[in-house]
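J.: Sharing a structure with you now.
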Amino acid sequence: MAADKVAGMARIAVIGAGTGALAAAARLAVAGHRVAVYERTETYGGALRRFERDGFAFDTGPGLLPLPAVYRDLFVKTGKEPLESCVELVQVDPSARHVFADGTAVSLPNASRAGVVAALDDTLGAGAGQRWGDFLVRARETWDRTRRPLLEEPLWPDWPVLAGREPYPAVPHKRLLRTRRAGTLAEVGAWELRDPRLAALLEGHALAYGLDPRVAPASAAVLPYMEHAFGMWYVRGGLRELARALYERCLARRVEFVFGADVTRILEKDGRVAGVELAGGTSRASGSGGGEVVEADIVIAPGSADGLPARGEGEVPPQRGMPSRLTVLLALRGGRPEGTAHRTVVHSEDRDGELESLFGTAPGVPARPTVTVLRPGDPALVPDAGHETVTLTAVVPAGARTSDAHADALVAVAERAVPGLRDRVLWREVRTPADIAAETGVTGGAVPAPALAAAGGRLLHPASVTGLDGLFTVGGWSHPGGGLPHAGMSGALVAGLIVEGPEFRGSQ
């Protein structure tokens, strides 16, 4: 099996320099293996990229970090310097400001159940906060039931157990003389929260990961719970700084990097992996070569939305139909006002229309999408205090051909939260699904969602172990799925399987 324990020092080839790959490379190098990373682009970080112009700087991928404990563990296990010695972590407070379809706005404190309950009661009316607080209690039970198998352990060989069992303890709901329990996130919102604004708050967490709340399992309740329980964090200088710290940790542990290295084939010999073949014209940091073969005892490849040919029988199929993102980077004249929320979610005024546009039979770009507005207020991102950076993001179908009109729509929606926004714009840069595809290599720029239980296994991801001896996968398209915490755990799981073998059961 591919998960056999590796004795002694192994030559390990890692394809791609995404977050999960860097996490695996650092851990394996500390374990004494010789690790080389082959990245087809000219930089590291996968989706954690940066755009710079005229003294302004923007993250073009994730802008906030949930569950930083994953990366704290990585830095503790790979060196003497903790994460906080390598980057400056800042807890975002409020966690988010939400602007609902009716114009109601509420700011939710970071990682404070009592504060969130009070804020919702004050803004949405007595009882609203308590209903949300009660939901979080049930969401915590879901988290407790699924945390280890979906985040901390290699995918169970009997994964269908996770596929069929709904771990969310839904409240019985009497409907048309029958008692029913919510099976989808949308039903949780409608039957248990009983307020369209609370429903939008709930569903927005699923939509942010590209999930349709109408069919996403109730177990998706863990998504808002993670934010509530562990807070949302910002890395000073932008999330690209986290990628830099990971890269430098790898260098310190003598991981070799070869940029501009396009791996065209994974080589096999006698039923196990033998290395990789690089495209012609590949350049090494230490020289140059073309179409060369790199021998390796172990190969770690990025999981793929299209799957890998070496998958074994009975494996979880790759996630299908995941959407992409449209991002508008705005350089503004005028400084950021005091007290501005770092993150504002402007919920769609036509939620049904948005969901049908995104997930219907003929997917398209919503006319009035839900837009996430990031206003970091970080001096490192602007030329001076008289300017501000704003990043707008919306979910769009993978491969969507977007236009200036679609970018204009995001700005128009954002003006519900930032009046006069258009008048302050010095310039803007639009990042499309095609840009994501170019940076990550994923067809259509699709973005993977985290693994979730139930739903027939539709939202699980294939295991890191493949059907080819010595070949493992890592990153958002492998277990445990998309999102920065999940990418970090993916690297930890792959390293554990290689170092300890199939008996590895994850962190304790």
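In the structure tokens, the first chain shown is A, the next is B, and so on; residue numbers restart at 1 for each chain, and ligands run from 1 in the order shown.
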Restrict the calculation to only C-alpha atoms, then for each residue of segment 292-410 of chain A with any atom at most 12 Å from an atom of segment 179-186 of chain A give the closest atom pair and their distance in Å to one decimal, rows by chain and rising residue number, as JSON lines.
T.:
```
{"residue": "A:Arg351", "atom": "CA", "partner": "A:Ala186", "partner_atom": "CA", "distance": 11.6}
{"residue": "A:Asp352", "atom": "CA", "partner": "A:Ala186", "partner_atom": "CA", "distance": 11.3}
{"residue": "A:Leu355", "atom": "CA", "partner": "A:Ala186", "partner_atom": "CA", "distance": 11.5}
```
J.: DSSP says strand (DSSP E or B) for which residues of segment 207-349 of chain A? Put them as a ChimeraX atom specification?
T.: /A:217,232-235,256-259,263-269,272-278,283-284,287-288,293-295,298-302,324-333,343-346
J.: Using the selection just defined, write its residues with C-alpha atoms as a PDB file, in the first residue's frame.
T.:
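Heads up, here's the output in out-v6.pdb:
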```
ATOM      1  CA  PRO A 217     -26.143  19.163   4.566  1.00  0.00           C
ATOM      2  CA  MET A 232     -11.136  35.177  12.699  1.00  0.00           C
ATOM      3  CA  TRP A 233      -7.558  36.370  12.397  1.00  0.00           C
ATOM      4  CA  TYR A 234      -5.615  38.657  10.117  1.00  0.00           C
ATOM      5  CA  VAL A 235      -1.908  38.449   9.342  1.00  0.00           C
ATOM      6  CA  GLU A 256      14.862  22.468  -2.212  1.00  0.00           C
ATOM      7  CA  PHE A 257      12.640  24.579  -4.488  1.00  0.00           C
ATOM      8  CA  VAL A 258      12.601  24.455  -8.274  1.00  0.00           C
ATOM      9  CA  PHE A 259      10.390  27.138  -9.792  1.00  0.00           C
ATOM     10  CA  VAL A 263       5.712  18.233 -13.996  1.00  0.00           C
ATOM     11  CA  THR A 264       4.236  16.452 -16.991  1.00  0.00           C
ATOM     12  CA  ARG A 265       4.184  12.892 -15.716  1.00  0.00           C
ATOM     13  CA  ILE A 266       4.412  10.817 -12.540  1.00  0.00           C
ATOM     14  CA  LEU A 267       6.702   7.870 -13.218  1.00  0.00           C
ATOM     15  CA  GLU A 268       6.009   4.283 -12.148  1.00  0.00           C
ATOM     16  CA  LYS A 269       8.235   1.220 -11.909  1.00  0.00           C
ATOM     17  CA  ARG A 272       5.169   1.872  -7.322  1.00  0.00           C
ATOM     18  CA  VAL A 273       6.108   5.476  -7.889  1.00  0.00           C
ATOM     19  CA  ALA A 274       9.596   6.109  -9.287  1.00  0.00           C
ATOM     20  CA  GLY A 275       9.790   9.880  -9.737  1.00  0.00           C
ATOM     21  CA  VAL A 276       8.525  12.683 -11.970  1.00  0.00           C
ATOM     22  CA  GLU A 277       9.242  13.919 -15.439  1.00  0.00           C
ATOM     23  CA  LEU A 278       9.638  17.652 -16.042  1.00  0.00           C
ATOM     24  CA  SER A 283      14.946  25.598 -14.990  1.00  0.00           C
ATOM     25  CA  ARG A 284      16.405  24.679 -11.610  1.00  0.00           C
ATOM     26  CA  GLY A 287      21.180  25.161 -13.073  1.00  0.00           C
ATOM     27  CA  SER A 288      19.002  24.212 -16.000  1.00  0.00           C
ATOM     28  CA  VAL A 293      13.573  12.814 -15.052  1.00  0.00           C
ATOM     29  CA  VAL A 294      13.765  13.279 -11.285  1.00  0.00           C
ATOM     30  CA  GLU A 295      13.950  10.038  -9.348  1.00  0.00           C
ATOM     31  CA  ILE A 298       7.782   9.248  -2.706  1.00  0.00           C
ATOM     32  CA  VAL A 299       5.783  11.716  -4.790  1.00  0.00           C
ATOM     33  CA  ILE A 300       3.263  14.138  -3.292  1.00  0.00           C
ATOM     34  CA  ALA A 301       0.919  15.594  -5.896  1.00  0.00           C
ATOM     35  CA  PRO A 302      -1.855  18.157  -5.593  1.00  0.00           C
ATOM     36  CA  SER A 324     -14.976  30.121  -8.415  1.00  0.00           C
ATOM     37  CA  ARG A 325     -14.561  33.718  -7.231  1.00  0.00           C
ATOM     38  CA  LEU A 326     -14.646  37.170  -8.781  1.00  0.00           C
ATOM     39  CA  THR A 327     -12.494  39.688  -6.915  1.00  0.00           C
ATOM     40  CA  VAL A 328     -12.231  43.448  -7.383  1.00  0.00           C
ATOM     41  CA  LEU A 329      -9.236  45.235  -5.835  1.00  0.00           C
ATOM     42  CA  LEU A 330      -9.882  48.925  -5.184  1.00  0.00           C
ATOM     43  CA  ALA A 331      -7.256  51.580  -4.514  1.00  0.00           C
ATOM     44  CA  LEU A 332      -9.037  54.452  -2.781  1.00  0.00           C
ATOM     45  CA  ARG A 333      -8.244  58.079  -2.091  1.00  0.00           C
ATOM     46  CA  ARG A 343     -14.940  42.518   7.043  1.00  0.00           C
ATOM     47  CA  THR A 344     -18.468  43.339   5.931  1.00  0.00           C
ATOM     48  CA  VAL A 345     -20.797  40.845   4.264  1.00  0.00           C
ATOM     49  CA  VAL A 346     -23.417  42.556   2.108  1.00  0.00           C
TER      50      VAL A 346
END
```
J.: So which one's closest to Pro149 of chain A, A:Pro480, A:Gly237, A:Val117, A:Ala170? Using only C-alpha atoms, please.
T.: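 Ranked by minimum distance to Pro149 of chain A, first place goes to A:Pro480.
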J.: Counting only C-alpha atoms, figure out which residue out of A:Ala57, A:Cys86, A:Ala36, A:Ala495 gets nearest to Tyr71 of chain A.
T.: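 Ranked by minimum distance to Tyr71 of chain A, first place goes to A:Cys86.
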J.: Leaving out Ala200 of chain A and any residue of its chain fewer than 4 positions from it, which residues lie within 9 Å of it when counting only C-alpha atoms, given as a compact mmCIF listing (two decimals) with N, CA and C atoms, in the first residue's frame?
T.:
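Listing of result-v1.txt after writing:
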```txt
# COMPACT_ATOMS: atom_id res chain seq x y z
N PHE A 100 -28.00 43.21 5.73
CA PHE A 100 -29.01 42.31 5.19
C PHE A 100 -29.83 42.97 4.09
N ALA A 101 -30.67 42.17 3.44
CA ALA A 101 -31.42 42.66 2.28
C ALA A 101 -32.34 43.82 2.62
N GLY A 189 -32.08 27.04 8.71
CA GLY A 189 -32.39 28.47 8.79
C GLY A 189 -33.87 28.74 8.85
N ASP A 195 -36.06 33.55 10.94
CA ASP A 195 -35.92 34.97 10.61
C ASP A 195 -35.09 35.02 9.33
N PRO A 196 -35.57 35.68 8.27
CA PRO A 196 -34.81 35.67 7.01
C PRO A 196 -33.42 36.25 7.15
N GLY A 204 -24.91 32.42 4.48
CA GLY A 204 -23.75 33.13 3.97
C GLY A 204 -22.45 32.40 4.26
N HIS A 205 -22.39 31.66 5.37
CA HIS A 205 -21.18 30.91 5.68
C HIS A 205 -20.97 29.78 4.68
N HIS A 347 -25.33 41.08 2.09
CA HIS A 347 -26.14 39.97 1.61
C HIS A 347 -27.00 40.38 0.43
N SER A 348 -27.19 39.46 -0.48
CA SER A 348 -27.93 39.74 -1.71
C SER A 348 -29.37 40.16 -1.39
N ARG A 351 -31.83 36.70 -2.80
CA ARG A 351 -31.09 35.50 -2.46
C ARG A 351 -31.49 34.32 -3.33
```
J.: Please, what distance in Å, to one decimal, runs between atom CA of Met9 of chain A and atom CA of Ala29 of chain A?
T.: 9.5 Å
J.: Go through A:Ala128, A:Val499, A:Val76, A:Leu223 one by one, measure the shortest atom-to-atom distance of each to Leu452 of chain A using only C-alpha atoms, and give the residue with the smallest value.
T.: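 When distances to Leu452 of chain A are compared using only C-alpha atoms, the smallest one comes from A:Leu223.
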J.: Restricting the calculation to only C-alpha atoms, which member of A:Leu239, A:Val116, A:Leu155, A:Val373 is positioned closest to Ala47 of chain A?
T.: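 Answer, going by the shortest atom-to-atom distance: A:Leu239.
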J.: Report, in Å to a single decimal, how far apart atom CA of Ala261 of chain A and atom CA of Gly16 of chain A are.
T.: 8.9 Å
J.: Which one of A:Asn110, A:Ser95, A:Thr60, A:Thr41 sits closest to Thr393 of chain A if you count only C-alpha atoms?
T.: A:Thr60
J.: Just the residues within 8 Å of Pro366 of chain A, please, counting only C-alpha atoms, with nothing from its chain fewer than 6 positions along; format it as a list in words.
T.: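 Here the qualifying residues turn out to be Gly353, Glu354, Ser357, Leu358 and Val396 of chain A.
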